[in-house]
Structures are given as structure tokens and as C-alpha cells.
$ cat start03.txt   # compact mmCIF, C-alpha atoms and all ligand atoms
# COMPACT_ATOMS: atom_id res chain seq x y z
CA MET A 1 18.53 7.71 -14.63
CA LYS A 2 15.65 8.84 -12.44
CA LYS A 3 17.71 8.05 -9.37
CA ILE A 4 20.56 10.20 -10.67
CA ILE A 5 18.22 13.10 -11.39
CA ILE A 6 16.74 12.89 -7.91
CA SER A 7 20.19 12.72 -6.31
CA MET A 8 21.27 15.79 -8.27
CA ALA A 9 18.15 17.62 -7.15
CA VAL A 10 18.97 16.83 -3.53
CA LEU A 11 22.59 17.97 -4.00
CA THR A 12 21.41 21.18 -5.63
CA LEU A 13 19.21 21.84 -2.65
CA LEU A 14 22.14 21.21 -0.32
CA PHE A 15 24.56 23.50 -2.11
CA THR A 16 22.15 26.35 -2.61
CA SER A 17 21.42 26.61 1.10
CA CYS A 18 22.37 30.11 2.23
CA ASN A 19 23.38 28.97 5.67
CA GLU A 20 26.64 27.03 5.87
CA ASP A 21 25.80 25.40 9.20
CA LYS A 22 22.45 24.35 7.89
CA THR A 23 24.13 22.84 4.84
CA GLN A 24 26.47 20.82 7.00
CA GLU A 25 23.58 19.69 9.15
CA LEU A 26 21.66 18.56 6.07
CA GLN A 27 24.68 16.74 4.70
CA GLU A 28 25.15 14.90 7.97
CA GLU A 29 21.47 14.04 8.02
CA GLN A 30 21.60 12.92 4.40
CA SER A 31 24.51 10.62 5.06
CA LYS A 32 22.55 8.78 7.72
CA ILE A 33 19.75 7.75 5.40
CA ASP A 34 20.55 5.28 2.66
CA MET A 35 18.20 5.88 -0.26
CA SER A 36 20.22 3.87 -2.75
CA ASP A 37 17.62 1.11 -3.10
CA PHE A 38 14.68 3.46 -3.66
CA TYR A 39 12.76 3.06 -6.92
CA LEU A 40 9.50 4.29 -8.36
CA TYR A 41 9.19 3.07 -11.96
CA THR A 42 8.80 -0.68 -12.37
CA ASP A 43 8.02 -3.13 -15.17
CA ALA A 44 4.47 -3.40 -13.86
CA ASP A 45 2.91 -2.52 -17.22
CA ILE A 46 4.49 -5.61 -18.76
CA ASP A 47 4.31 -7.86 -15.70
CA GLU A 48 0.67 -7.21 -14.80
CA ASN A 49 -0.50 -7.55 -18.40
CA ASN A 50 1.29 -10.90 -18.60
CA ARG A 51 -0.43 -12.03 -15.40
CA ILE A 52 -3.82 -11.01 -16.76
CA ALA A 53 -3.09 -12.84 -20.02
CA GLU A 54 -2.42 -15.93 -17.89
CA GLY A 55 -5.82 -15.49 -16.25
CA LYS A 56 -4.39 -14.47 -12.89
CA GLY A 57 -5.86 -11.81 -10.62
CA SER A 58 -3.96 -8.56 -10.61
CA CYS A 59 -3.53 -5.31 -8.72
CA TYR A 60 -2.88 -2.27 -10.90
CA THR A 61 -1.38 0.01 -8.26
CA MET A 62 2.14 -0.05 -9.73
CA VAL A 63 0.80 0.38 -13.27
CA ASN A 64 -1.18 3.33 -11.99
CA LEU A 65 1.98 4.72 -10.38
CA ASN A 66 3.89 4.49 -13.69
CA ARG A 67 1.07 6.40 -15.39
CA GLN A 68 0.95 9.08 -12.70
CA LEU A 69 4.75 9.51 -12.73
CA ASN A 70 4.61 10.10 -16.49
CA LYS A 71 1.78 12.58 -16.09
CA ASP A 72 3.15 14.58 -13.14
CA PRO A 73 6.88 15.47 -13.26
CA LYS A 74 6.79 16.60 -9.62
CA LEU A 75 5.47 13.33 -8.23
CA ALA A 76 8.85 11.54 -8.13
CA LYS A 77 10.39 14.22 -5.89
CA LYS A 78 7.34 14.19 -3.60
CA MET A 79 7.51 10.43 -3.19
CA PHE A 80 11.28 10.52 -2.68
CA ASP A 81 10.76 13.03 0.13
CA ILE A 82 8.04 10.91 1.74
CA GLU A 83 10.32 7.88 1.58
CA TYR A 84 13.22 9.86 3.02
CA ASN A 85 11.07 11.11 5.90
CA THR A 86 9.72 7.61 6.54
CA ARG A 87 13.22 6.12 6.76
CA ASN A 88 14.45 9.02 8.84
CA LEU A 89 11.64 8.58 11.35
CA ILE A 90 12.02 4.81 11.56
CA SER A 91 15.80 4.98 11.94
CA ALA A 92 15.51 7.68 14.59
CA LYS A 93 13.00 5.77 16.68
CA GLY A 94 13.63 2.10 16.04
CA LYS A 95 15.99 -0.64 15.09
CA PRO A 96 17.23 -1.72 12.67
CA ALA A 97 17.96 1.75 11.33
CA GLY A 98 18.19 3.08 7.83
CA THR A 99 16.59 1.52 4.82
CA GLY A 100 14.07 -1.22 4.70
CA GLY A 101 16.85 -3.72 5.15
CA GLY A 102 17.88 -4.23 1.55
CA ASN A 103 18.05 -7.84 0.56
CA ASN A 104 18.85 -9.52 3.80
CA GLY A 105 15.93 -11.88 3.53
CA GLY A 106 14.08 -10.55 6.53
CA GLY A 107 14.78 -10.42 10.23
CA ASP A 108 13.15 -9.11 13.37
CA THR A 109 11.86 -5.57 13.51
CA THR A 110 10.54 -3.89 16.63
CA PRO A 111 7.25 -2.01 16.55
CA ILE A 112 8.06 1.66 17.11
CA ASP A 113 6.26 3.55 19.86
CA ASP A 114 5.44 6.71 17.91
CA GLY A 115 3.12 8.11 20.58
CA LEU A 116 0.23 8.34 18.13
CA GLY A 117 -1.90 5.67 19.80
CA ILE A 118 -4.74 4.12 17.85
CA ILE A 119 -5.24 5.93 14.56
CA ASN A 120 -8.81 6.09 13.26
CA ILE A 121 -9.43 6.75 9.58
CA PRO A 122 -12.89 7.88 8.44
CA VAL A 123 -13.94 6.24 5.17
CA TYR A 124 -16.26 7.32 2.36
CA VAL A 125 -17.45 4.56 0.07
CA HIS A 126 -18.68 5.39 -3.46
CA VAL A 127 -20.76 2.59 -4.96
CA ILE A 128 -21.04 2.95 -8.75
CA TYR A 129 -23.37 0.45 -10.38
CA SER A 130 -24.70 -0.43 -13.83
CA ASN A 131 -26.95 -3.24 -12.60
CA SER A 132 -28.69 -4.28 -9.40
CA ASN A 133 -25.95 -6.76 -8.40
CA GLU A 134 -23.37 -3.98 -8.38
CA ASN A 135 -25.62 -1.82 -6.20
CA ILE A 136 -24.27 -3.73 -3.22
CA SER A 137 -25.98 -3.79 0.16
CA ASN A 138 -25.06 -1.71 3.16
CA ALA A 139 -24.18 -5.03 4.80
CA GLN A 140 -21.52 -5.68 2.12
CA VAL A 141 -20.07 -2.20 2.64
CA ALA A 142 -20.04 -2.77 6.40
CA SER A 143 -18.34 -6.14 5.93
CA GLN A 144 -15.37 -4.50 4.17
CA ILE A 145 -14.94 -2.02 7.02
CA SER A 146 -15.06 -4.94 9.48
CA VAL A 147 -12.40 -6.84 7.52
CA LEU A 148 -10.15 -3.78 7.44
CA ASN A 149 -10.50 -3.36 11.20
CA ALA A 150 -9.81 -7.02 11.88
CA ASP A 151 -6.80 -7.21 9.56
CA PHE A 152 -5.17 -3.94 10.60
CA ARG A 153 -5.75 -4.71 14.30
CA LYS A 154 -4.68 -8.39 14.06
CA THR A 155 -8.06 -9.59 15.34
CA ASN A 156 -8.62 -11.63 12.15
CA SER A 157 -9.54 -15.21 13.06
CA ASP A 158 -6.95 -16.70 10.68
CA ALA A 159 -4.02 -14.85 12.30
CA SER A 160 -3.30 -18.04 14.24
CA GLN A 161 -2.23 -19.75 11.00
CA VAL A 162 0.97 -17.70 10.75
CA PRO A 163 3.92 -20.12 10.76
CA THR A 164 6.30 -20.11 13.71
CA GLU A 165 9.03 -18.52 11.60
CA PHE A 166 6.92 -15.36 11.24
CA ALA A 167 5.13 -15.47 14.61
CA ASP A 168 7.25 -12.62 15.96
CA ASP A 169 6.59 -10.52 12.87
CA ILE A 170 2.77 -10.47 12.72
CA THR A 171 1.58 -7.09 13.90
CA ASP A 172 -1.30 -5.04 15.23
CA SER A 173 -0.91 -1.83 13.23
CA GLU A 174 -3.25 0.02 15.61
CA ILE A 175 -5.00 1.59 12.62
CA GLU A 176 -8.80 1.50 12.54
CA PHE A 177 -11.49 2.50 10.07
CA THR A 178 -14.94 4.05 10.53
CA LEU A 179 -17.54 4.31 7.78
CA ALA A 180 -18.36 8.01 7.43
CA GLY A 181 -20.79 7.70 4.54
CA THR A 182 -21.84 5.75 1.44
CA PHE A 183 -22.62 7.44 -1.87
CA ARG A 184 -24.50 5.54 -4.57
CA HIS A 185 -24.37 6.37 -8.26
CA SER A 186 -26.20 4.63 -11.09
CA ASN A 187 -24.19 4.79 -14.32
CA SER A 188 -24.63 2.90 -17.58
CA ASN A 189 -20.85 2.45 -17.90
CA SER A 190 -20.26 -1.21 -17.03
CA SER A 191 -16.43 -1.18 -16.97
CA TRP A 192 -14.31 1.65 -15.58
CA GLY A 193 -10.71 0.55 -16.24
CA THR A 194 -7.76 1.89 -14.26
CA ASN A 195 -7.23 5.39 -15.63
CA ASP A 196 -9.12 7.09 -12.79
CA ALA A 197 -12.21 7.73 -14.95
CA VAL A 198 -14.40 6.72 -12.02
CA LYS A 199 -12.72 9.35 -9.83
CA ALA A 200 -13.23 12.02 -12.49
CA ALA A 201 -16.93 11.11 -12.65
CA TYR A 202 -17.30 11.00 -8.87
CA PRO A 203 -14.52 13.05 -7.23
CA PRO A 204 -13.18 12.17 -3.79
CA VAL A 205 -14.89 13.84 -0.85
CA THR A 206 -12.47 15.68 1.50
CA PRO A 207 -9.55 13.34 0.65
CA GLN A 208 -7.29 15.25 3.06
CA THR A 209 -9.28 13.88 6.00
CA HIS A 210 -11.05 10.82 4.57
CA LEU A 211 -10.06 7.64 2.82
CA ASN A 212 -12.20 7.44 -0.33
CA ILE A 213 -13.01 3.99 -1.74
CA TRP A 214 -14.69 3.61 -5.14
CA VAL A 215 -16.46 0.29 -5.66
CA CYS A 216 -17.19 -0.42 -9.33
CA ASN A 217 -16.55 -2.96 -12.05
CA ILE A 218 -12.95 -2.31 -13.16
CA GLY A 219 -12.83 -5.06 -15.79
CA GLY A 220 -9.94 -7.02 -17.27
CA GLY A 221 -9.46 -9.30 -14.27
CA ILE A 222 -8.15 -6.42 -12.18
CA LEU A 223 -9.03 -6.66 -8.51
CA GLY A 224 -8.20 -3.09 -7.52
CA TYR A 225 -5.70 -0.25 -7.52
CA ALA A 226 -4.62 2.39 -5.05
CA GLN A 227 -2.80 5.71 -5.02
CA PHE A 228 0.32 6.02 -2.87
CA PRO A 229 0.88 8.95 -0.48
CA GLY A 230 2.14 11.98 -2.41
CA GLY A 231 -0.24 11.70 -5.35
CA ASN A 232 -2.76 14.26 -6.53
CA SER A 233 -5.57 14.80 -4.01
CA ASN A 234 -8.11 14.82 -6.88
CA THR A 235 -7.45 11.12 -7.40
CA ASP A 236 -6.52 10.07 -3.88
CA GLY A 237 -8.00 6.84 -2.61
CA VAL A 238 -8.60 3.23 -3.55
CA VAL A 239 -10.64 1.56 -6.31
CA ILE A 240 -11.91 -1.98 -5.72
CA GLY A 241 -13.80 -4.25 -8.11
CA THR A 242 -17.34 -4.79 -6.85
CA GLU A 243 -17.02 -8.58 -6.60
CA TYR A 244 -13.86 -8.29 -4.51
CA PHE A 245 -15.23 -5.82 -1.98
CA GLY A 246 -16.17 -7.08 1.47
CA ASN A 247 -16.92 -10.68 2.40
CA THR A 248 -20.68 -10.97 2.03
CA GLY A 249 -23.25 -10.41 -0.73
CA TYR A 250 -22.06 -9.96 -4.34
CA VAL A 251 -18.54 -11.44 -3.99
CA SER A 252 -16.51 -13.94 -6.03
CA ALA A 253 -14.18 -16.64 -4.71
CA PRO A 254 -11.26 -16.86 -4.22
CA PHE A 255 -11.18 -13.09 -3.64
CA ASP A 256 -14.32 -13.00 -1.50
CA LYS A 257 -12.95 -12.32 1.98
CA GLY A 258 -12.29 -8.58 1.71
CA ARG A 259 -8.53 -8.92 1.44
CA THR A 260 -8.36 -6.92 -1.80
CA GLY A 261 -9.50 -4.00 0.37
CA THR A 262 -6.82 -4.76 2.96
CA HIS A 263 -4.15 -5.00 0.23
CA GLU A 264 -5.15 -1.77 -1.54
CA VAL A 265 -5.45 0.22 1.69
CA GLY A 266 -1.97 -1.11 2.50
CA HIS A 267 -0.71 0.60 -0.69
CA TYR A 268 -2.65 3.76 0.18
CA LEU A 269 -0.73 3.73 3.48
CA ASN A 270 2.60 3.44 1.60
CA LEU A 271 3.20 -0.31 1.48
CA ARG A 272 4.80 -1.87 -1.59
CA HIS A 273 4.19 -5.38 -2.87
CA ILE A 274 5.90 -8.02 -0.79
CA TRP A 275 8.26 -9.03 -3.66
CA GLY A 276 9.20 -5.42 -4.44
CA ASP A 277 7.90 -5.55 -8.04
CA GLY A 278 11.30 -6.70 -9.23
CA ARG A 279 13.66 -9.61 -8.83
CA CYS A 280 15.44 -10.75 -5.65
CA LYS A 281 17.50 -7.58 -5.30
CA GLN A 282 14.51 -5.22 -5.45
CA ASP A 283 13.02 -4.75 -2.00
CA ASP A 284 9.73 -3.61 -0.49
CA PHE A 285 11.66 -1.32 1.93
CA VAL A 286 10.61 -3.46 4.89
CA ALA A 287 13.23 -5.34 6.90
CA ASP A 288 11.15 -8.21 8.27
CA THR A 289 9.55 -9.32 4.99
CA PRO A 290 11.85 -11.79 3.18
CA SER A 291 12.93 -11.01 -0.38
CA SER A 292 11.08 -12.65 -3.21
CA ASP A 293 11.27 -12.42 -6.98
CA ALA A 294 7.59 -12.52 -7.96
CA PRO A 295 4.11 -12.68 -6.47
CA ASN A 296 2.67 -15.91 -5.15
CA TYR A 297 -0.75 -17.14 -6.22
CA GLY A 298 -3.40 -19.49 -4.96
CA CYS A 299 -2.75 -20.97 -1.55
CA PRO A 300 0.95 -21.87 -1.34
CA SER A 301 2.18 -24.46 1.07
CA TYR A 302 4.75 -23.43 3.66
CA PRO A 303 7.64 -23.15 3.12
CA THR A 304 7.72 -21.57 -0.33
CA VAL A 305 11.35 -20.74 -1.07
CA ASN A 306 12.50 -17.91 -3.35
CA CYS A 307 15.65 -15.78 -3.21
CA LYS A 308 17.13 -18.28 -0.72
CA SER A 309 14.54 -17.57 1.98
CA ASN A 310 10.99 -18.59 2.84
CA ASP A 311 8.42 -16.27 1.28
CA MET A 312 5.88 -14.58 3.55
CA THR A 313 3.12 -15.76 1.20
CA MET A 314 0.51 -15.07 3.87
CA ASN A 315 1.27 -11.34 3.87
CA TYR A 316 -1.59 -9.11 2.68
CA MET A 317 0.77 -7.49 0.16
CA ASP A 318 1.26 -10.71 -1.81
CA TYR A 319 -1.19 -11.96 -4.51
CA THR A 320 -2.39 -15.10 -2.75
CA ASN A 321 -6.07 -16.00 -2.32
CA ASP A 322 -8.05 -14.10 0.30
CA ASP A 323 -8.21 -17.24 2.46
CA CYS A 324 -4.44 -17.55 2.41
CA MET A 325 -3.27 -14.08 3.44
CA TYR A 326 -3.57 -13.05 7.08
CA MET A 327 -0.77 -10.79 8.29
CA PHE A 328 1.07 -7.48 8.15
CA SER A 329 4.55 -7.37 9.68
CA ASP A 330 6.02 -5.07 12.34
CA GLY A 331 8.14 -3.41 9.67
CA GLN A 332 5.05 -2.72 7.59
CA ARG A 333 3.32 -1.30 10.66
CA ASN A 334 6.21 1.14 11.26
CA ARG A 335 6.19 2.16 7.62
CA MET A 336 2.43 2.81 7.52
CA ARG A 337 2.39 4.74 10.77
CA ALA A 338 5.32 6.97 9.77
CA ILE A 339 3.07 8.84 7.31
CA PHE A 340 0.80 9.87 10.20
CA ALA A 341 3.54 11.61 12.18
CA ALA A 342 3.33 15.40 12.48
CA GLY A 343 4.05 16.81 9.04
CA GLY A 344 3.61 13.38 7.47
CA SER A 345 1.88 12.91 4.14
CA ARG A 346 -1.30 11.51 5.68
CA ALA A 347 -1.14 13.21 9.08
CA SER A 348 -4.36 15.15 8.43
CA LEU A 349 -6.20 11.86 8.01
CA ALA A 350 -5.56 11.10 11.66
CA GLY A 351 -6.22 14.66 12.80
CA ASN A 352 -2.48 15.37 13.31
ZN ZN B 401 -1.07 -4.31 -5.05
$ encode --input "start03.txt" --output "C-alpha cells" --more "lines below"
Ligand SMILES: [Zn+2]
Amino acid sequence: MKKIIISMAVLTLLFTSCNEDKTQELQEEQSKIDMSDFYLYTDADIDENNRIAEGKGSCYTMVNLNRQLNKDPKLAKKMFDIEYNTRNLISAKGKPAGTGGGNNGGGDTTPIDDGLGIINIPVYVHVIYSNSNENISNAQVASQISVLNADFRKTNSDASQVPTEFADDITDSEIEFTLAGTFRHSNSNSSWGTNDAVKAAYPPVTPQTHLNIWVCNIGGGILGYAQFPGGNSNTDGVVIGTEYFGNTGYVSAPFDKGRTGTHEVGHYLNLRHIWGDGRCKQDDFVADTPSSDAPNYGCPSYPTVNCKSNDMTMNYMDYTNDDCMYMFSDGQRNRMRAIFAAGGSRASLAGN
């Protein structure tokens, strides 16, 4: 139903254009971009709660998205537009064109030369603690920034473990991160949940130009959650459980290598989960990540077959252990960088 409403909104926009030529131009443009597989709402509320009940680690980004979509009736249109612009940019500059590739089980994607060069994102870290363990060291904060830089630049030491099948897909996203400041807040609240209470207590600092990361105890076995591009600037950023932040100091195995940060920042830069939060036919809008029907856990052996193809279990956007995820793909790189193009939803973050 949501899809139909969005389509009608787009049609209304087309037909109310006062300029006939412009209307035709828009219609031609529209016909080039296939948005038929786009989705926003998922069954994450049910799925993630089931995973937690099974004692598995969980990311609450898609649950958070459901909540925000319910709260803000304009968010769906904003995210549709961002997706449309992303696909338009990728199809205009690279191959394969159009959507993320549907359900074709992957395939090669070329990194697009978008002319943006290396993108540097300044980061504010908010450390909220109720005990001395949670008041993590500057070294632990620095370690998370180092992991982000290694993973997004493909200088991570475990990149060499990528199987031959995906060797052409592993990417250097040419996105870097610089710590701009750390804010520390003592608070007797020992569990912050996922309803953005921590952001209300400690609002983001200049979220238009800085990535804000809140480090606090979330509770409930939840590793972290992020806000996608298009969301309210008052809640923009990433929340990471203290024990899953960075790779030194107060960290807990098997999520002690800083990859929760990499995963959540991936969402913040518009990446979906590798399995598309649905079954085989629901995609992550990326052509070179094979379809899967559910997250993988632990440290799967290769090959792990789902949806008639080998899962990219070592992708940062899966749910595998920190030690067992070590790549983004070229298609994910193109998708992340599209939001930094002039007029893009996170362009101001890169000074564009
Ligand atoms: Zn996630």
C-alpha cells in the first residue's frame, strides 16, 4: 500500500507540472529508473525480537526506521527521493544501470568515478556512562575511528581473507573519518534502549556537518542502531553499545573488533542489511551482493548457500562476528558515495 501511495504522489507531481515539456522530461526520466523493488517498512520488529529471544546479537536500525516512519508521515517520501536520486546517479555514471540489481544473486559492479575524491567525515563521539567501565578511554574512542578508517579504506588486515569469488567486489570506499571531539556525560541511567532517549538527553552537535556517535549501554542484547539519510536532524547519527565500540579497552567478544561501528556507519551512509531484511526476493539494492533470506551469525564457513547463491557472509552489513566480516562491495561503495554528490542528502558532511 505504501508503494502505491508513493507512486500516486509521484504521478500527482508529474501531472501538476505547469510546463508540458518539463512533464515529458520528468516522465522520460522516471521511466529510466525502476523503483519497483523499493521498500521501507519491514518485519524487523518481529524478526529482531525473535533474534534477541534466541540470545543472538541484533542491530535495531530497521526497527528504528519502522518507528520513525510511523512518527513522521513525510519521511517515506524523503527516503523515496533519496533512493531515486541514488539510482539515477549510479545508472547515469556506471554499469549496471537502474536498480540495485534485483534478485540476480550478485555480479560485478564497477566503482564509479564521481569526481569527489577522498571524502573525510568529522566525527563527534558522546560517551554516556553510569559506571567507570562505561567511561571508556580516549584510546578506545580512537580505536573505533581507526577501525572505521581501515574498513572503509580497505586497509583492514583481514581483507586478504575474502574468497576468490568476491575478490573483484571488495572495495576501497575512499571515505575517511576524523575525530572532531569527545563529549563525556555521567548519567545514572544504566540502559538507554532504542527510542532515541539518549539523543534527546544529549542532542547531536552540528549533525549537518558531523557524524554524531553516542556510546552508551543500550541493553537487551542490542549492539547498535543508526538513522538512515533523510531522517530528522535532531536524531541523526549512530548509537553503539559501549562494549561493542572500538577494539580495545571495555569490549566484549565476539563483537570486540569495532565492526558494530563499521556496520552502523554503513547504515548511516544508506546501506541496507546484506539480506535485505526479507526473504530471497527482497534486495539490499546493491547488484554485487548476492541475495540471501536471513542474516548469518557466528563465523560461517565458505561457501554458505542461500537463495541459490553463495552468501557474502563476510560483508560488514551481515550479522557475523567481528572477526568474520571484512569487506564492503563496489556496489555498496557507489551507493554510499551517491549521497555525497552535490545536492545529495549528506553532501554537507563532505563540504559539498
Ligand atoms: Zn544493521
$ closest_residue --input "start03.txt" --among "A:Pro229, A:Pro254, A:Gly261, A:Gly117" --to "Asn149 of chain A" --atoms "only C-alpha atoms"
A:Gly261
$ residues_near_ligand --input "start03.txt" --ligand "ligand ZN 401 (chain B)" --cutoff "7 Å" --atoms "all atoms listed in the file" --output "MDAnalysis selection string"
chainID A and resid 59:61 225 263:264 267 273 317
$ residues_around --input "start03.txt" --residues "segment 343-347 of chain A" --least-positions-apart "2" --cutoff "8 Å" --atoms "only C-alpha atoms" --output "PyMOL selection string"
chain A and resi 82+85+208+229-230+338-341+349-352
$ residues_near_point --input "start03.txt" --point "(-22.2, 4.3, -6.3)" --cutoff "9 Å" --atoms "only C-alpha atoms" --output "list in words"
Val125, His126, Val127, Ile128, Tyr129, Glu134, Asn135, Ile136, Thr182, Phe183, Arg184, His185, Ser186, Asn187, Tyr202, Trp214, Val215 and Cys216 of chain A
$ residues_around --input "start03.txt" --residues "Val123 of chain A" --least-positions-apart "3" --cutoff "12 Å" --atoms "all atoms listed in the file" --output "ChimeraX atom specification"
/A:120,126,141-142,144-145,148-149,176-183,204-214,237-238,265,349-350
$ atom_distance --input "start03.txt" --atom1 "atom CA of Leu75 of chain A" --atom2 "atom CA of Asn270 of chain A"
14.2 Å
$ closest_residue --input "start03.txt" --among "A:Gly246, A:Pro111, A:Pro73, A:Gly278" --to "Asp172 of chain A" --atoms "all atoms listed in the file"
A:Pro111
$ atom_distance --input "start03.txt" --atom1 "atom CA of Leu269 of chain A" --atom2 "atom CA of Met336 of chain A"
5.2 Å
$ closest_residue --input "start03.txt" --among "A:Lys74, A:Lys308, A:Lys199, A:Lys257" --to "Cys280 of chain A" --atoms "only C-alpha atoms"
A:Lys308
$ decode --input "start03.txt" --residues "segment 153-184 of chain A" --atoms "N, CA and C atoms" --output "PDB file, in the first residue's frame"
ATOM      1  N   ARG A 153      38.515   2.121   4.023  1.00  0.00           N
ATOM      2  CA  ARG A 153      39.578   2.310   3.031  1.00  0.00           C
ATOM      3  C   ARG A 153      40.203   0.979   2.579  1.00  0.00           C
ATOM      4  N   LYS A 154      39.638  -0.130   3.044  1.00  0.00           N
ATOM      5  CA  LYS A 154      40.149  -1.467   2.680  1.00  0.00           C
ATOM      6  C   LYS A 154      41.614  -1.655   3.073  1.00  0.00           C
ATOM      7  N   THR A 155      42.019  -1.047   4.192  1.00  0.00           N
ATOM      8  CA  THR A 155      43.366  -1.302   4.707  1.00  0.00           C
ATOM      9  C   THR A 155      43.301  -2.236   5.920  1.00  0.00           C
ATOM     10  N   ASN A 156      42.116  -2.812   6.178  1.00  0.00           N
ATOM     11  CA  ASN A 156      41.971  -3.786   7.265  1.00  0.00           C
ATOM     12  C   ASN A 156      42.814  -5.025   6.969  1.00  0.00           C
ATOM     13  N   SER A 157      43.488  -5.534   8.017  1.00  0.00           N
ATOM     14  CA  SER A 157      44.448  -6.626   7.789  1.00  0.00           C
ATOM     15  C   SER A 157      43.752  -7.919   7.353  1.00  0.00           C
ATOM     16  N   ASP A 158      42.461  -8.082   7.679  1.00  0.00           N
ATOM     17  CA  ASP A 158      41.776  -9.323   7.305  1.00  0.00           C
ATOM     18  C   ASP A 158      41.139  -9.269   5.912  1.00  0.00           C
ATOM     19  N   ALA A 159      41.353  -8.173   5.183  1.00  0.00           N
ATOM     20  CA  ALA A 159      40.781  -8.071   3.830  1.00  0.00           C
ATOM     21  C   ALA A 159      41.264  -9.211   2.935  1.00  0.00           C
ATOM     22  N   SER A 160      42.449  -9.732   3.238  1.00  0.00           N
ATOM     23  CA  SER A 160      43.022 -10.786   2.402  1.00  0.00           C
ATOM     24  C   SER A 160      42.254 -12.105   2.511  1.00  0.00           C
ATOM     25  N   GLN A 161      41.355 -12.195   3.491  1.00  0.00           N
ATOM     26  CA  GLN A 161      40.595 -13.445   3.667  1.00  0.00           C
ATOM     27  C   GLN A 161      39.397 -13.554   2.728  1.00  0.00           C
ATOM     28  N   VAL A 162      39.110 -12.498   1.982  1.00  0.00           N
ATOM     29  CA  VAL A 162      37.952 -12.526   1.081  1.00  0.00           C
ATOM     30  C   VAL A 162      38.125 -13.649   0.063  1.00  0.00           C
ATOM     31  N   PRO A 163      37.118 -14.517  -0.087  1.00  0.00           N
ATOM     32  CA  PRO A 163      37.245 -15.623  -1.038  1.00  0.00           C
ATOM     33  C   PRO A 163      37.370 -15.140  -2.486  1.00  0.00           C
ATOM     34  N   THR A 164      37.977 -15.975  -3.294  1.00  0.00           N
ATOM     35  CA  THR A 164      38.221 -15.609  -4.697  1.00  0.00           C
ATOM     36  C   THR A 164      36.951 -15.143  -5.397  1.00  0.00           C
ATOM     37  N   GLU A 165      35.835 -15.776  -5.082  1.00  0.00           N
ATOM     38  CA  GLU A 165      34.573 -15.423  -5.744  1.00  0.00           C
ATOM     39  C   GLU A 165      34.244 -13.934  -5.583  1.00  0.00           C
ATOM     40  N   PHE A 166      34.636 -13.358  -4.429  1.00  0.00           N
ATOM     41  CA  PHE A 166      34.286 -11.965  -4.154  1.00  0.00           C
ATOM     42  C   PHE A 166      35.494 -11.028  -4.245  1.00  0.00           C
ATOM     43  N   ALA A 167      36.626 -11.558  -4.732  1.00  0.00           N
ATOM     44  CA  ALA A 167      37.859 -10.761  -4.750  1.00  0.00           C
ATOM     45  C   ALA A 167      37.733  -9.513  -5.616  1.00  0.00           C
ATOM     46  N   ASP A 168      36.920  -9.589  -6.666  1.00  0.00           N
ATOM     47  CA  ASP A 168      36.726  -8.413  -7.520  1.00  0.00           C
ATOM     48  C   ASP A 168      35.726  -7.420  -6.926  1.00  0.00           C
ATOM     49  N   ASP A 169      35.032  -7.837  -5.894  1.00  0.00           N
ATOM     50  CA  ASP A 169      33.964  -6.997  -5.332  1.00  0.00           C
ATOM     51  C   ASP A 169      34.417  -6.157  -4.146  1.00  0.00           C
ATOM     52  N   ILE A 170      35.439  -6.627  -3.406  1.00  0.00           N
ATOM     53  CA  ILE A 170      35.880  -5.880  -2.219  1.00  0.00           C
ATOM     54  C   ILE A 170      36.363  -4.498  -2.655  1.00  0.00           C
ATOM     55  N   THR A 171      36.025  -3.486  -1.842  1.00  0.00           N
ATOM     56  CA  THR A 171      36.200  -2.121  -2.309  1.00  0.00           C
ATOM     57  C   THR A 171      36.891  -1.219  -1.299  1.00  0.00           C
ATOM     58  N   ASP A 172      37.554  -0.225  -1.816  1.00  0.00           N
ATOM     59  CA  ASP A 172      38.018   0.926  -1.027  1.00  0.00           C
ATOM     60  C   ASP A 172      36.984   2.028  -1.256  1.00  0.00           C
ATOM     61  N   SER A 173      36.200   2.347  -0.229  1.00  0.00           N
ATOM     62  CA  SER A 173      35.121   3.327  -0.438  1.00  0.00           C
ATOM     63  C   SER A 173      35.656   4.757  -0.538  1.00  0.00           C
ATOM     64  N   GLU A 174      36.923   4.938  -0.185  1.00  0.00           N
ATOM     65  CA  GLU A 174      37.527   6.283  -0.188  1.00  0.00           C
ATOM     66  C   GLU A 174      36.731   7.256   0.680  1.00  0.00           C
ATOM     67  N   ILE A 175      36.264   6.717   1.816  1.00  0.00           N
ATOM     68  CA  ILE A 175      35.618   7.544   2.843  1.00  0.00           C
ATOM     69  C   ILE A 175      36.454   7.406   4.107  1.00  0.00           C
ATOM     70  N   GLU A 176      36.798   8.538   4.706  1.00  0.00           N
ATOM     71  CA  GLU A 176      37.626   8.540   5.911  1.00  0.00           C
ATOM     72  C   GLU A 176      36.937   9.298   7.041  1.00  0.00           C
ATOM     73  N   PHE A 177      37.454   9.100   8.247  1.00  0.00           N
ATOM     74  CA  PHE A 177      36.825   9.669   9.440  1.00  0.00           C
ATOM     75  C   PHE A 177      37.888  10.328  10.324  1.00  0.00           C
ATOM     76  N   THR A 178      37.560  11.509  10.847  1.00  0.00           N
ATOM     77  CA  THR A 178      38.462  12.210  11.753  1.00  0.00           C
ATOM     78  C   THR A 178      37.710  12.558  13.026  1.00  0.00           C
ATOM     79  N   LEU A 179      38.292  12.221  14.165  1.00  0.00           N
ATOM     80  CA  LEU A 179      37.658  12.562  15.439  1.00  0.00           C
ATOM     81  C   LEU A 179      37.726  14.074  15.641  1.00  0.00           C
ATOM     82  N   ALA A 180      36.549  14.689  15.771  1.00  0.00           N
ATOM     83  CA  ALA A 180      36.499  16.149  15.948  1.00  0.00           C
ATOM     84  C   ALA A 180      36.324  16.525  17.409  1.00  0.00           C
ATOM     85  N   GLY A 181      35.882  15.584  18.228  1.00  0.00           N
ATOM     86  CA  GLY A 181      35.710  15.889  19.643  1.00  0.00           C
ATOM     87  C   GLY A 181      34.999  14.760  20.367  1.00  0.00           C
ATOM     88  N   THR A 182      35.273  14.655  21.678  1.00  0.00           N
ATOM     89  CA  THR A 182      34.609  13.654  22.527  1.00  0.00           C
ATOM     90  C   THR A 182      33.925  14.374  23.678  1.00  0.00           C
ATOM     91  N   PHE A 183      32.647  14.076  23.878  1.00  0.00           N
ATOM     92  CA  PHE A 183      31.890  14.673  24.978  1.00  0.00           C
ATOM     93  C   PHE A 183      31.564  13.565  25.978  1.00  0.00           C
ATOM     94  N   ARG A 184      31.785  13.832  27.243  1.00  0.00           N
ATOM     95  CA  ARG A 184      31.521  12.818  28.272  1.00  0.00           C
ATOM     96  C   ARG A 184      30.416  13.278  29.207  1.00  0.00           C
TER      97      ARG A 184
END
